[in-house]
file run-v3.cif (mmCIF, C-alpha atoms and all ligand atoms)
data_model
#
loop_
_atom_site.group_PDB
_atom_site.id
_atom_site.type_symbol
_atom_site.label_atom_id
_atom_site.label_comp_id
_atom_site.auth_asym_id
_atom_site.auth_seq_id
_atom_site.Cartn_x
_atom_site.Cartn_y
_atom_site.Cartn_z
ATOM 1 C CA MET X 59 -127.185 51.688 79.878
ATOM 2 C CA ALA X 60 -127.968 48.621 81.940
ATOM 3 C CA ARG X 61 -126.041 48.297 85.176
ATOM 4 C CA LEU X 62 -124.155 45.316 86.555
ATOM 5 C CA ILE X 63 -124.910 45.473 90.275
ATOM 6 C CA GLY X 64 -123.134 42.355 91.451
ATOM 7 C CA GLY X 65 -121.556 39.023 90.704
ATOM 8 C CA LEU X 66 -122.373 35.882 92.598
ATOM 9 C CA GLY X 67 -120.694 32.490 92.386
ATOM 10 C CA THR X 68 -122.521 29.500 93.824
ATOM 11 C CA SER X 69 -122.779 25.725 93.869
ATOM 12 C CA HIS X 70 -125.633 24.091 91.955
ATOM 13 C CA VAL X 71 -125.790 20.539 93.363
ATOM 14 C CA PRO X 72 -129.136 18.931 92.397
ATOM 15 C CA SER X 73 -129.746 17.443 95.847
ATOM 16 C CA ILE X 74 -130.067 21.021 97.166
ATOM 17 C CA GLY X 75 -133.274 21.356 95.166
ATOM 18 C CA VAL X 76 -134.418 17.891 96.177
ATOM 19 C CA ALA X 77 -133.780 18.732 99.855
ATOM 20 C CA LEU X 78 -136.023 21.798 99.521
ATOM 21 C CA ASP X 79 -138.701 19.811 97.681
ATOM 22 C CA ARG X 80 -138.756 17.227 100.462
ATOM 23 C CA GLY X 81 -138.907 19.722 103.313
ATOM 24 C CA LEU X 82 -135.395 18.938 104.593
ATOM 25 C CA ARG X 83 -134.231 22.556 104.786
ATOM 26 C CA ASP X 84 -134.058 22.701 108.554
ATOM 27 C CA THR X 85 -132.690 19.234 109.210
ATOM 28 C CA PRO X 86 -129.251 19.089 110.885
ATOM 29 C CA ASP X 87 -127.619 17.948 107.618
ATOM 30 C CA TRP X 88 -128.922 20.861 105.560
ATOM 31 C CA LYS X 89 -129.692 23.832 107.813
ATOM 32 C CA PRO X 90 -126.085 25.112 108.096
ATOM 33 C CA PHE X 91 -125.785 25.034 104.321
ATOM 34 C CA PHE X 92 -129.033 26.914 103.639
ATOM 35 C CA ASP X 93 -128.579 29.391 106.486
ATOM 36 C CA GLY X 94 -125.357 30.545 104.852
ATOM 37 C CA TYR X 95 -127.402 31.936 101.951
ATOM 38 C CA ILE X 96 -129.726 34.087 104.070
ATOM 39 C CA PRO X 97 -127.451 37.186 103.934
ATOM 40 C CA ALA X 98 -127.152 36.871 100.147
ATOM 41 C CA GLN X 99 -130.940 36.655 99.829
ATOM 42 C CA ALA X 100 -131.231 39.803 101.952
ATOM 43 C CA TRP X 101 -128.654 41.574 99.771
ATOM 44 C CA VAL X 102 -130.573 40.639 96.622
ATOM 45 C CA ALA X 103 -133.917 41.725 98.116
ATOM 46 C CA GLU X 104 -132.358 45.125 98.802
ATOM 47 C CA ALA X 105 -130.427 45.411 95.513
ATOM 48 C CA LYS X 106 -133.516 44.486 93.432
ATOM 49 C CA PRO X 107 -131.940 43.236 90.207
ATOM 50 C CA ASP X 108 -134.236 43.015 87.162
ATOM 51 C CA ILE X 109 -132.292 40.407 85.204
ATOM 52 C CA ALA X 110 -130.001 37.510 86.136
ATOM 53 C CA ILE X 111 -127.478 36.304 83.586
ATOM 54 C CA VAL X 112 -126.865 32.707 84.666
ATOM 55 C CA ILE X 113 -123.724 30.946 83.479
ATOM 56 C CA PHE X 114 -124.053 27.228 84.023
ATOM 57 C CA ASN X 115 -123.628 23.842 82.437
ATOM 58 C CA ASP X 116 -126.326 21.476 81.343
ATOM 59 C CA HIS X 117 -125.802 17.932 82.663
ATOM 60 C CA GLY X 118 -127.022 15.765 79.796
ATOM 61 C CA ASN X 119 -130.599 16.997 80.269
ATOM 62 C CA ALA X 120 -131.175 19.651 77.591
ATOM 63 C CA PHE X 121 -128.213 18.462 75.516
ATOM 64 C CA PHE X 122 -127.070 14.868 75.529
ATOM 65 C CA LEU X 123 -123.672 13.586 74.417
ATOM 66 C CA ASP X 124 -124.826 13.338 70.801
ATOM 67 C CA GLN X 125 -124.826 17.140 70.523
ATOM 68 C CA VAL X 126 -122.768 19.218 72.943
ATOM 69 C CA PRO X 127 -122.280 22.906 72.165
ATOM 70 C CA THR X 128 -119.236 24.432 73.818
ATOM 71 C CA LEU X 129 -121.218 27.624 74.340
ATOM 72 C CA ALA X 130 -124.971 28.205 74.003
ATOM 73 C CA LEU X 131 -127.223 31.147 74.770
ATOM 74 C CA GLY X 132 -130.946 31.178 75.510
ATOM 75 C CA VAL X 133 -132.997 33.846 73.689
ATOM 76 C CA ALA X 134 -136.389 32.464 74.674
ATOM 77 C CA ASP X 135 -139.259 34.207 76.454
ATOM 78 C CA ARG X 136 -139.694 31.280 78.862
ATOM 79 C CA TYR X 137 -137.661 28.336 80.149
ATOM 80 C CA ARG X 138 -139.263 25.284 81.724
ATOM 81 C CA PRO X 139 -137.412 23.617 84.625
ATOM 82 C CA ILE X 140 -136.443 20.063 83.664
ATOM 83 C CA ASP X 141 -137.639 17.167 85.804
ATOM 84 C CA GLU X 142 -134.384 15.251 86.335
ATOM 85 C CA GLY X 143 -136.040 12.165 87.737
ATOM 86 C CA TRP X 144 -137.118 13.223 91.231
ATOM 87 C CA GLY X 145 -140.476 14.415 89.945
ATOM 88 C CA PRO X 146 -141.785 17.757 88.690
ATOM 89 C CA ARG X 147 -140.557 20.624 90.883
ATOM 90 C CA ALA X 148 -142.928 23.156 92.450
ATOM 91 C CA ILE X 149 -141.077 26.133 91.030
ATOM 92 C CA PRO X 150 -142.340 28.545 88.388
ATOM 93 C CA ASP X 151 -141.020 28.663 84.845
ATOM 94 C CA PHE X 152 -138.225 31.167 84.283
ATOM 95 C CA VAL X 153 -139.131 34.216 82.192
ATOM 96 C CA GLY X 154 -136.452 35.112 79.685
ATOM 97 C CA ALA X 155 -135.011 38.566 79.045
ATOM 98 C CA ALA X 156 -135.082 37.895 75.317
ATOM 99 C CA ASP X 157 -134.215 41.413 74.185
ATOM 100 C CA LEU X 158 -131.059 41.609 76.281
ATOM 101 C CA ALA X 159 -130.226 38.017 75.278
ATOM 102 C CA TRP X 160 -130.274 38.912 71.568
ATOM 103 C CA HIS X 161 -128.018 41.869 72.309
ATOM 104 C CA LEU X 162 -125.608 39.566 74.156
ATOM 105 C CA ALA X 163 -125.694 37.188 71.180
ATOM 106 C CA ASP X 164 -124.810 40.017 68.838
ATOM 107 C CA GLN X 165 -122.026 41.324 71.028
ATOM 108 C CA MET X 166 -120.576 37.867 71.606
ATOM 109 C CA VAL X 167 -120.365 37.229 67.877
ATOM 110 C CA GLU X 168 -118.901 40.696 67.348
ATOM 111 C CA ARG X 169 -116.144 39.745 69.776
ATOM 112 C CA HIS X 170 -115.536 36.307 68.218
ATOM 113 C CA PHE X 171 -117.547 34.190 70.635
ATOM 114 C CA ASP X 172 -120.021 32.174 68.594
ATOM 115 C CA PRO X 173 -122.731 30.676 70.779
ATOM 116 C CA MET X 174 -125.369 28.213 69.702
ATOM 117 C CA ILE X 175 -128.590 30.275 69.773
ATOM 118 C CA CYS X 176 -131.455 28.525 71.613
ATOM 119 C CA ARG X 177 -134.978 29.794 70.966
ATOM 120 C CA GLU X 178 -136.471 26.901 72.858
ATOM 121 C CA ILE X 179 -134.687 24.976 75.591
ATOM 122 C CA GLU X 180 -135.281 23.719 79.134
ATOM 123 C CA VAL X 181 -132.999 24.338 82.099
ATOM 124 C CA ASP X 182 -131.717 21.794 84.616
ATOM 125 C CA HIS X 183 -130.454 22.069 88.203
ATOM 126 C CA GLY X 184 -127.451 24.062 86.974
ATOM 127 C CA LEU X 185 -129.799 27.067 86.707
ATOM 128 C CA GLN X 186 -132.710 26.017 88.943
ATOM 129 C CA VAL X 187 -130.692 25.523 92.111
ATOM 130 C CA PRO X 188 -128.694 28.789 92.037
ATOM 131 C CA MET X 189 -131.898 30.725 91.321
ATOM 132 C CA GLU X 190 -133.612 29.214 94.344
ATOM 133 C CA LEU X 191 -130.566 29.694 96.584
ATOM 134 C CA VAL X 192 -130.347 33.368 95.668
ATOM 135 C CA PHE X 193 -134.001 34.346 95.275
ATOM 136 C CA GLY X 194 -135.779 31.793 97.445
ATOM 137 C CA ARG X 195 -138.774 29.825 96.140
ATOM 138 C CA PRO X 196 -141.375 32.201 94.719
ATOM 139 C CA GLU X 197 -145.064 31.329 94.899
ATOM 140 C CA GLN X 198 -145.984 32.785 91.521
ATOM 141 C CA ALA X 199 -143.055 34.177 89.576
ATOM 142 C CA TRP X 200 -139.316 34.715 89.917
ATOM 143 C CA PRO X 201 -138.439 38.323 90.779
ATOM 144 C CA VAL X 202 -136.001 38.564 87.853
ATOM 145 C CA LYS X 203 -135.922 37.616 84.207
ATOM 146 C CA VAL X 204 -133.076 35.328 83.168
ATOM 147 C CA VAL X 205 -130.571 34.970 80.369
ATOM 148 C CA PRO X 206 -129.149 31.435 80.461
ATOM 149 C CA ILE X 207 -125.642 30.833 79.134
ATOM 150 C CA PHE X 208 -124.721 27.169 78.792
ATOM 151 C CA VAL X 209 -121.041 26.189 78.950
ATOM 152 C CA ASN X 210 -119.857 22.676 78.183
ATOM 153 C CA THR X 211 -118.097 21.263 81.236
ATOM 154 C CA ILE X 212 -119.315 17.709 80.587
ATOM 155 C CA GLN X 213 -117.674 16.484 77.382
ATOM 156 C CA TYR X 214 -113.924 16.989 76.933
ATOM 157 C CA PRO X 215 -112.519 19.226 75.625
ATOM 158 C CA ILE X 216 -114.090 21.801 77.917
ATOM 159 C CA PRO X 217 -113.236 25.466 77.271
ATOM 160 C CA THR X 218 -110.182 26.990 78.914
ATOM 161 C CA PRO X 219 -110.386 29.105 82.072
ATOM 162 C CA GLU X 220 -108.978 32.088 80.186
ATOM 163 C CA ARG X 221 -111.693 31.742 77.546
ATOM 164 C CA LEU X 222 -114.371 31.983 80.204
ATOM 165 C CA TRP X 223 -112.685 35.045 81.678
ATOM 166 C CA GLN X 224 -112.743 36.671 78.236
ATOM 167 C CA LEU X 225 -116.417 35.783 77.888
ATOM 168 C CA GLY X 226 -116.981 37.687 81.108
ATOM 169 C CA ALA X 227 -115.280 40.752 79.628
ATOM 170 C CA VAL X 228 -117.607 40.573 76.614
ATOM 171 C CA LEU X 229 -120.671 40.290 78.859
ATOM 172 C CA ARG X 230 -119.496 43.253 80.878
ATOM 173 C CA ASP X 231 -119.198 45.471 77.793
ATOM 174 C CA ALA X 232 -122.452 44.156 76.354
ATOM 175 C CA ILE X 233 -124.332 45.027 79.555
ATOM 176 C CA ALA X 234 -122.775 48.496 79.527
ATOM 177 C CA SER X 235 -123.770 49.058 75.892
ATOM 178 C CA TRP X 236 -127.389 47.916 76.346
ATOM 179 C CA PRO X 237 -129.649 50.991 76.176
ATOM 180 C CA GLY X 238 -132.132 49.678 78.766
ATOM 181 C CA ASP X 239 -131.915 50.768 82.397
ATOM 182 C CA GLU X 240 -132.154 47.275 83.924
ATOM 183 C CA ARG X 241 -130.195 46.244 86.964
ATOM 184 C CA VAL X 242 -128.306 43.066 86.144
ATOM 185 C CA ILE X 243 -126.789 40.432 88.413
ATOM 186 C CA ILE X 244 -124.506 37.777 86.978
ATOM 187 C CA LEU X 245 -124.386 34.293 88.457
ATOM 188 C CA GLY X 246 -121.472 31.923 87.885
ATOM 189 C CA THR X 247 -122.424 28.425 88.980
ATOM 190 C CA GLY X 248 -120.943 25.005 89.654
ATOM 191 C CA GLY X 249 -118.396 23.462 91.960
ATOM 192 C CA LEU X 250 -116.968 23.586 94.378
ATOM 193 C CA SER X 251 -114.564 20.648 94.429
ATOM 194 C CA HIS X 252 -116.102 17.311 93.499
ATOM 195 C CA GLN X 253 -115.553 14.243 91.410
ATOM 196 C CA LEU X 254 -118.475 11.955 90.669
ATOM 197 C CA GLN X 255 -116.681 9.317 88.592
ATOM 198 C CA GLY X 256 -113.652 7.066 88.318
ATOM 199 C CA SER X 257 -111.176 5.937 90.953
ATOM 200 C CA ARG X 258 -111.205 9.368 92.609
ATOM 201 C CA ALA X 259 -115.024 9.488 92.944
ATOM 202 C CA GLY X 260 -115.893 11.290 96.180
ATOM 203 C CA PHE X 261 -112.820 13.541 96.021
ATOM 204 C CA ILE X 262 -113.236 16.924 97.765
ATOM 205 C CA ASN X 263 -110.455 19.479 98.343
ATOM 206 C CA GLN X 264 -111.649 21.726 101.162
ATOM 207 C CA GLN X 265 -108.461 23.761 101.370
ATOM 208 C CA ALA X 266 -108.552 24.575 97.644
ATOM 209 C CA ASP X 267 -112.247 25.478 97.965
ATOM 210 C CA ARG X 268 -111.614 27.837 100.879
ATOM 211 C CA ASP X 269 -108.733 29.473 99.005
ATOM 212 C CA TRP X 270 -110.949 29.887 95.935
ATOM 213 C CA ILE X 271 -113.723 31.531 97.920
ATOM 214 C CA ALA X 272 -111.286 33.912 99.598
ATOM 215 C CA GLN X 273 -109.250 34.728 96.481
ATOM 216 C CA ILE X 274 -111.603 34.768 93.494
ATOM 217 C CA GLY X 275 -112.561 38.372 94.300
ATOM 218 C CA PRO X 276 -109.219 40.008 95.123
ATOM 219 C CA ASN X 277 -106.804 37.708 93.316
ATOM 220 C CA PRO X 278 -108.392 35.997 90.309
ATOM 221 C CA ASP X 279 -105.317 35.976 88.061
ATOM 222 C CA ARG X 280 -103.924 32.762 89.516
ATOM 223 C CA TYR X 281 -107.162 31.025 88.544
ATOM 224 C CA ARG X 282 -107.064 32.450 85.030
ATOM 225 C CA ARG X 283 -103.583 31.054 84.540
ATOM 226 C CA MET X 284 -104.438 27.522 85.659
ATOM 227 C CA SER X 285 -104.860 24.936 82.909
ATOM 228 C CA ARG X 286 -107.893 22.717 82.488
ATOM 229 C CA GLN X 287 -105.833 19.833 83.877
ATOM 230 C CA ASP X 288 -104.961 21.969 86.903
ATOM 231 C CA TYR X 289 -108.672 22.471 87.559
ATOM 232 C CA ILE X 290 -109.388 18.768 87.326
ATOM 233 C CA GLU X 291 -106.464 17.846 89.575
ATOM 234 C CA THR X 292 -107.213 20.565 92.136
ATOM 235 C CA PHE X 293 -111.015 20.538 92.180
ATOM 236 C CA GLY X 294 -111.948 17.155 90.650
ATOM 237 C CA SER X 295 -113.348 16.295 87.226
ATOM 238 C CA GLU X 296 -116.730 17.916 87.999
ATOM 239 C CA GLY X 297 -115.170 20.576 90.228
ATOM 240 C CA ALA X 298 -113.774 21.953 86.964
ATOM 241 C CA GLU X 299 -117.253 23.516 86.665
ATOM 242 C CA LEU X 300 -115.647 26.339 88.655
ATOM 243 C CA ILE X 301 -114.292 27.776 85.404
ATOM 244 C CA MET X 302 -117.800 29.225 84.982
ATOM 245 C CA TRP X 303 -117.252 31.490 87.981
ATOM 246 C CA LEU X 304 -114.441 33.094 85.948
ATOM 247 C CA ALA X 305 -116.982 34.421 83.444
ATOM 248 C CA MET X 306 -118.787 36.063 86.377
ATOM 249 C CA ARG X 307 -115.541 37.417 87.797
ATOM 250 C CA GLY X 308 -114.312 38.582 84.372
ATOM 251 C CA ALA X 309 -117.516 40.623 83.979
ATOM 252 C CA MET X 310 -116.725 42.560 87.141
ATOM 253 C CA ASP X 311 -114.224 45.389 87.657
ATOM 254 C CA ALA X 312 -110.558 44.605 88.315
ATOM 255 C CA GLU X 313 -111.087 45.758 91.894
ATOM 256 C CA VAL X 314 -114.071 44.278 93.677
ATOM 257 C CA ARG X 315 -115.363 44.041 97.195
ATOM 258 C CA THR X 316 -116.126 40.582 98.550
ATOM 259 C CA VAL X 317 -119.457 41.284 100.233
ATOM 260 C CA MET X 318 -120.025 37.836 101.689
ATOM 261 C CA THR X 319 -118.879 34.249 101.464
ATOM 262 C CA HIS X 320 -120.160 30.898 102.643
ATOM 263 C CA TYR X 321 -118.582 27.448 102.629
ATOM 264 C CA PHE X 322 -119.982 24.101 103.700
ATOM 265 C CA ALA X 323 -118.755 20.572 103.012
ATOM 266 C CA PRO X 324 -119.892 18.099 102.083
ATOM 267 C CA ALA X 325 -123.221 18.848 100.424
ATOM 268 C CA SER X 326 -124.004 15.624 98.614
ATOM 269 C CA MET X 327 -120.560 14.792 97.187
ATOM 270 C CA THR X 328 -119.293 18.373 96.855
ATOM 271 C CA GLY X 329 -117.697 21.247 98.626
ATOM 272 C CA ALA X 330 -120.460 23.860 98.482
ATOM 273 C CA GLY X 331 -120.854 27.560 98.954
ATOM 274 C CA MET X 332 -120.952 31.014 97.475
ATOM 275 C CA VAL X 333 -119.214 34.347 96.994
ATOM 276 C CA LEU X 334 -120.961 37.670 96.418
ATOM 277 C CA LEU X 335 -118.949 40.481 94.793
ATOM 278 C CA GLU X 336 -119.625 44.158 94.158
ATOM 279 C CA ASN X 337 -117.659 46.513 91.944
ATOM 280 C CA LEU X 338 -115.777 48.978 94.143
ATOM 281 C CA GLY X 339 -117.188 51.920 92.222
ATOM 282 C CA ALA X 340 -120.788 50.701 92.700
HETATM 283 C C1 LIG X 401 -123.642 16.505 92.090
HETATM 284 C C2 LIG X 401 -122.965 17.703 91.878
HETATM 285 C C3 LIG X 401 -123.087 18.403 90.695
HETATM 286 O O1 LIG X 401 -122.457 19.564 90.388
HETATM 287 C C4 LIG X 401 -123.899 17.934 89.733
HETATM 288 O O2 LIG X 401 -124.050 18.703 88.659
HETATM 289 C C5 LIG X 401 -124.561 16.737 89.905
HETATM 290 C C6 LIG X 401 -124.428 16.034 91.092
HETATM 291 C C7 LIG X 401 -123.544 15.748 93.370
HETATM 292 O O3 LIG X 401 -122.663 16.002 94.175
HETATM 293 O O4 LIG X 401 -124.393 14.897 93.610
HETATM 294 FE FE FE X 402 -122.857 20.259 88.118
#
call {"tool": "encode", "arguments": {"input": "run-v3.cif", "output": "C-alpha cells"}}
result
Amino acid sequence: MARLIGGLGTSHVPSIGVALDRGLRDTPDWKPFFDGYIPAQAWVAEAKPDIAIVIFNDHGNAFFLDQVPTLALGVADRYRPIDEGWGPRAIPDFVGAADLAWHLADQMVERHFDPMICREIEVDHGLQVPMELVFGRPEQAWPVKVVPIFVNTIQYPIPTPERLWQLGAVLRDAIASWPGDERVIILGTGGLSHQLQGSRAGFINQQADRDWIAQIGPNPDRYRRMSRQDYIETFGSEGAELIMWLAMRGAMDAEVRTVMTHYFAPASMTGAGMVLLENLGA
C-alpha cells in the first residue's frame, strides 16, 4: 500500500521560473517570496517522497482552445518541460510514475471520473514551477517521479469545486489501494488571487488569500460549498485555479495538521504562497 505523506498547495506563476532562470532569486523583489519555501524544501528533504501527484492546469501550451479536456491524466514515462517563450529552461525532464498513473486512471474511471489519457504530453509552468519551488532545481534528475493531472481552469465551464474535492477522495483511495510501497506527496497548484484579463485585470484579494491559507487545512468545507462564480468573484478569473487545491485537500484526512504556510503579494500579478498539510495520524 502506497502512503500519502503530505499535501501541499502552491502558486505556479510562470515568472517565478523566469526569475530563477535569470538569477533574480536573491533580489529584493523575489527573495522574501523564495525564502518562504525553504522550510517546505527542508520538510520534503526529510520526508523523502518517491512520487508527486501534481494537479495543475495547462495554460494553452499542451492543449489549446481547439481541444480542452476537463480532466486529463499523464501515463507517460517522461514529460518534457515546455518552453513558453522565455527560452528553454535548464531543468531536467520529469520522469513519470507510469504504473501508478495507470492505476489512478483505472480507479478514476471506476469511480465515474473519466480522464483523457495522455501517453505523450509536455508540461508547462503549472507543473514546472511548483516542482522547483518544492524540490529546488536538480542538476541531473528530480528526486521524485511525477503523475500529472490536468484540470481545465482556462475554458468555461470549468469543473465545480465539489467535483475537485471528490477527485481528491478518489486519489486518496487509489493511493491506499496501490500495492507498491511508495511514499506519495500530492501537490495542488494555482492561485492565489489574480485576474489577468478584462476590466478587473490586476485584481488581488489579499484578505481572501490569507483566509484561504489559514482555513484550507482545518476548515475546507466553506470552500467546497462555494460556487464557481464565488471563486471568480473572490479570487479573480484566474484565481479560480485554487479549486485544484481542493483535490489535494480532499485526498487528505478530515483532520489535518497545517505544518507550514507562506504568503507573499504581489508576485507578478498574483497573491502567492503555499500551505503544507500532514494527516494527523501520520
Ligand atoms: C500569471 C499567473 C498565472 O497563474 C499564470 O498561469 C500565468 C501568469 C501571472 O501573474 O503573470
Ligand atoms: Fe496559472
call {"tool": "residues_near_ligand", "arguments": {"input": "run-v3.cif", "ligand": "ligand LIG 401 (chain X)", "cutoff": "10 Å", "atoms": "only C-alpha atoms and all ligand atoms", "output": "ChimeraX atom specification"}}
result
/X:69-74,114-118,182-184,211-212,247-254,260,296-300,324-330
call {"tool": "closest_residue", "arguments": {"input": "run-v3.cif", "among": "X:Val204, X:Ile216, X:Leu66, X:Leu185", "to": "ligand FE 402 (chain X)", "atoms": "all atoms listed in the file"}}
result
X:Leu185
call {"tool": "residues_around", "arguments": {"input": "run-v3.cif", "residues": "X:Val133", "least_positions_apart": "4", "cutoff": "7 Å", "atoms": "only C-alpha atoms", "output": "list in words"}}
result
Ala156, Ala159, Trp160, Ile175, Cys176 and Arg177 of chain X
call {"tool": "closest_residue", "arguments": {"input": "run-v3.cif", "among": "X:Pro201, X:Gly194, X:Met59, X:Phe91", "to": "X:Ala323", "atoms": "all atoms listed in the file"}}
result
X:Phe91
call {"tool": "residues_around", "arguments": {"input": "run-v3.cif", "residues": "X:Tyr137", "least_positions_apart": "6", "cutoff": "12 Å", "atoms": "only C-alpha atoms", "output": "PDB file with C-alpha atoms, keeping the file's coordinate frame"}}
result
ATOM      1  CA  ALA X 120    -131.175  19.651  77.591  1.00  0.00           C
ATOM      2  CA  ILE X 149    -141.077  26.133  91.030  1.00  0.00           C
ATOM      3  CA  PRO X 150    -142.340  28.545  88.388  1.00  0.00           C
ATOM      4  CA  ASP X 151    -141.020  28.663  84.845  1.00  0.00           C
ATOM      5  CA  PHE X 152    -138.225  31.167  84.283  1.00  0.00           C
ATOM      6  CA  VAL X 153    -139.131  34.216  82.192  1.00  0.00           C
ATOM      7  CA  GLY X 154    -136.452  35.112  79.685  1.00  0.00           C
ATOM      8  CA  ALA X 155    -135.011  38.566  79.045  1.00  0.00           C
ATOM      9  CA  ALA X 156    -135.082  37.895  75.317  1.00  0.00           C
ATOM     10  CA  CYS X 176    -131.455  28.525  71.613  1.00  0.00           C
ATOM     11  CA  ARG X 177    -134.978  29.794  70.966  1.00  0.00           C
ATOM     12  CA  GLU X 178    -136.471  26.901  72.858  1.00  0.00           C
ATOM     13  CA  ILE X 179    -134.687  24.976  75.591  1.00  0.00           C
ATOM     14  CA  GLU X 180    -135.281  23.719  79.134  1.00  0.00           C
ATOM     15  CA  VAL X 181    -132.999  24.338  82.099  1.00  0.00           C
ATOM     16  CA  ASP X 182    -131.717  21.794  84.616  1.00  0.00           C
ATOM     17  CA  LEU X 185    -129.799  27.067  86.707  1.00  0.00           C
ATOM     18  CA  GLN X 186    -132.710  26.017  88.943  1.00  0.00           C
ATOM     19  CA  TRP X 200    -139.316  34.715  89.917  1.00  0.00           C
ATOM     20  CA  LYS X 203    -135.922  37.616  84.207  1.00  0.00           C
ATOM     21  CA  VAL X 204    -133.076  35.328  83.168  1.00  0.00           C
ATOM     22  CA  VAL X 205    -130.571  34.970  80.369  1.00  0.00           C
ATOM     23  CA  PRO X 206    -129.149  31.435  80.461  1.00  0.00           C
TER      24      PRO X 206
END
call {"tool": "residues_around", "arguments": {"input": "run-v3.cif", "residues": "X:Gln213", "least_positions_apart": "3", "cutoff": "8 Å", "atoms": "only C-alpha atoms", "output": "PyMOL selection string"}}
result
chain X and resi 123+126+210+216
call {"tool": "closest_residue", "arguments": {"input": "run-v3.cif", "among": "X:Met302, X:Ile243, X:Ala259, X:Ile271", "to": "ligand FE 402 (chain X)", "atoms": "only C-alpha atoms and all ligand atoms"}}
result
X:Met302
call {"tool": "axis_aligned_box", "arguments": {"input": "run-v3.cif", "around": "stretch 99-105 of chain X", "padding_each_side": "4 Å", "output": "AutoDock Vina command-line options"}}
result
--center_x -131.3 --center_y 41.0 --center_z 98.7 --size_x 13.3 --size_y 16.8 --size_z 14.4
call {"tool": "resolve_selection", "arguments": {"input": "run-v3.cif", "expression": "the PyMOL selection byres (((chain X and resi 129) around 6) and not hetatm)", "output": "list in words"}}
result
Pro127, Thr128, Ala130, Pro173, Phe208 and Val209 of chain X
call {"tool": "atom_distance", "arguments": {"input": "run-v3.cif", "atom1": "atom CA of X:Ser285", "atom2": "atom CA of X:Leu162"}}
result
26.9 Å
call {"tool": "residues_around", "arguments": {"input": "run-v3.cif", "residues": "X:Phe171", "least_positions_apart": "3", "cutoff": "10 Å", "atoms": "all atoms listed in the file", "output": "PyMOL selection string"}}
result
chain X and resi 129+163-168+174+221+224-225+228
call {"tool": "atom_distance", "arguments": {"input": "run-v3.cif", "atom1": "atom CA of X:Gly238", "atom2": "atom CA of X:Ile274"}}
result
29.3 Å
call {"tool": "resolve_selection", "arguments": {"input": "run-v3.cif", "expression": "the PyMOL selection byres (((chain X and resi 292) around 10) and not hetatm)", "output": "count of residues only"}}
result
20
call {"tool": "residues_near_point", "arguments": {"input": "run-v3.cif", "point": "(-134.3, 44.1, 87.5)", "cutoff": "7 Å", "atoms": "all atoms listed in the file", "output": "short mmCIF file (atom, residue, chain, number, x, y, z; two decimals) with C-alpha atoms, in the coordinates of the input"}}
result
data_model
loop_
_atom_site.label_atom_id
_atom_site.label_comp_id
_atom_site.auth_asym_id
_atom_site.auth_seq_id
_atom_site.Cartn_x
_atom_site.Cartn_y
_atom_site.Cartn_z
CA LYS X 106 -133.52 44.49 93.43
CA PRO X 107 -131.94 43.24 90.21
CA ASP X 108 -134.24 43.02 87.16
CA ILE X 109 -132.29 40.41 85.20
CA VAL X 202 -136.00 38.56 87.85
CA GLU X 240 -132.15 47.28 83.92
CA ARG X 241 -130.20 46.24 86.96
CA VAL X 242 -128.31 43.07 86.14
#
call {"tool": "residues_near_point", "arguments": {"input": "run-v3.cif", "point": "(-124.6, 33.5, 86.8)", "cutoff": "8 Å", "atoms": "all atoms listed in the file", "output": "number ranges by chain"}}
result
X: 65-67, 110-114, 243-247, 303, 306
call {"tool": "atom_distance", "arguments": {"input": "run-v3.cif", "atom1": "atom CA of X:Asn277", "atom2": "atom CA of X:Leu335"}}
result
12.5 Å
call {"tool": "resolve_selection", "arguments": {"input": "run-v3.cif", "expression": "the PyMOL selection byres (((chain X and resi 94-104) around 10) and not hetatm)", "output": "ChimeraX atom specification"}}
result
/X:63-64,66,68,89-93,105-107,190-194,201,243,317-322,331-334
call {"tool": "write_last_selection", "arguments": {"input": "run-v3.cif", "atoms": "C-alpha atoms", "output": "tab-separated table (two decimals), in the coordinates of the input"}}
result
chain	number	residue	atom	x	y	z
X	63	ILE	CA	-124.91	45.47	90.28
X	64	GLY	CA	-123.13	42.36	91.45
X	66	LEU	CA	-122.37	35.88	92.60
X	68	THR	CA	-122.52	29.50	93.82
X	89	LYS	CA	-129.69	23.83	107.81
X	90	PRO	CA	-126.08	25.11	108.10
X	91	PHE	CA	-125.78	25.03	104.32
X	92	PHE	CA	-129.03	26.91	103.64
X	93	ASP	CA	-128.58	29.39	106.49
X	105	ALA	CA	-130.43	45.41	95.51
X	106	LYS	CA	-133.52	44.49	93.43
X	107	PRO	CA	-131.94	43.24	90.21
X	190	GLU	CA	-133.61	29.21	94.34
X	191	LEU	CA	-130.57	29.69	96.58
X	192	VAL	CA	-130.35	33.37	95.67
X	193	PHE	CA	-134.00	34.35	95.28
X	194	GLY	CA	-135.78	31.79	97.44
X	201	PRO	CA	-138.44	38.32	90.78
X	243	ILE	CA	-126.79	40.43	88.41
X	317	VAL	CA	-119.46	41.28	100.23
X	318	MET	CA	-120.02	37.84	101.69
X	319	THR	CA	-118.88	34.25	101.46
X	320	HIS	CA	-120.16	30.90	102.64
X	321	TYR	CA	-118.58	27.45	102.63
X	322	PHE	CA	-119.98	24.10	103.70
X	331	GLY	CA	-120.85	27.56	98.95
X	332	MET	CA	-120.95	31.01	97.48
X	333	VAL	CA	-119.21	34.35	96.99
X	334	LEU	CA	-120.96	37.67	96.42
call {"tool": "closest_residue", "arguments": {"input": "run-v3.cif", "among": "X:Ala227, X:Ala234, X:Ala312, X:Ile301", "to": "ligand FE 402 (chain X)", "atoms": "only C-alpha atoms and all ligand atoms"}}
result
X:Ile301
call {"tool": "closest_residue", "arguments": {"input": "run-v3.cif", "among": "X:Arg169, X:Val187, X:Ala272, X:Asp141", "to": "ligand FE 402 (chain X)", "atoms": "all atoms listed in the file"}}
result
X:Val187
call {"tool": "closest_residue", "arguments": {"input": "run-v3.cif", "among": "X:Gly339, X:Pro188, X:Gly226, X:Pro215", "to": "ligand FE 402 (chain X)", "atoms": "all atoms listed in the file"}}
result
X:Pro188
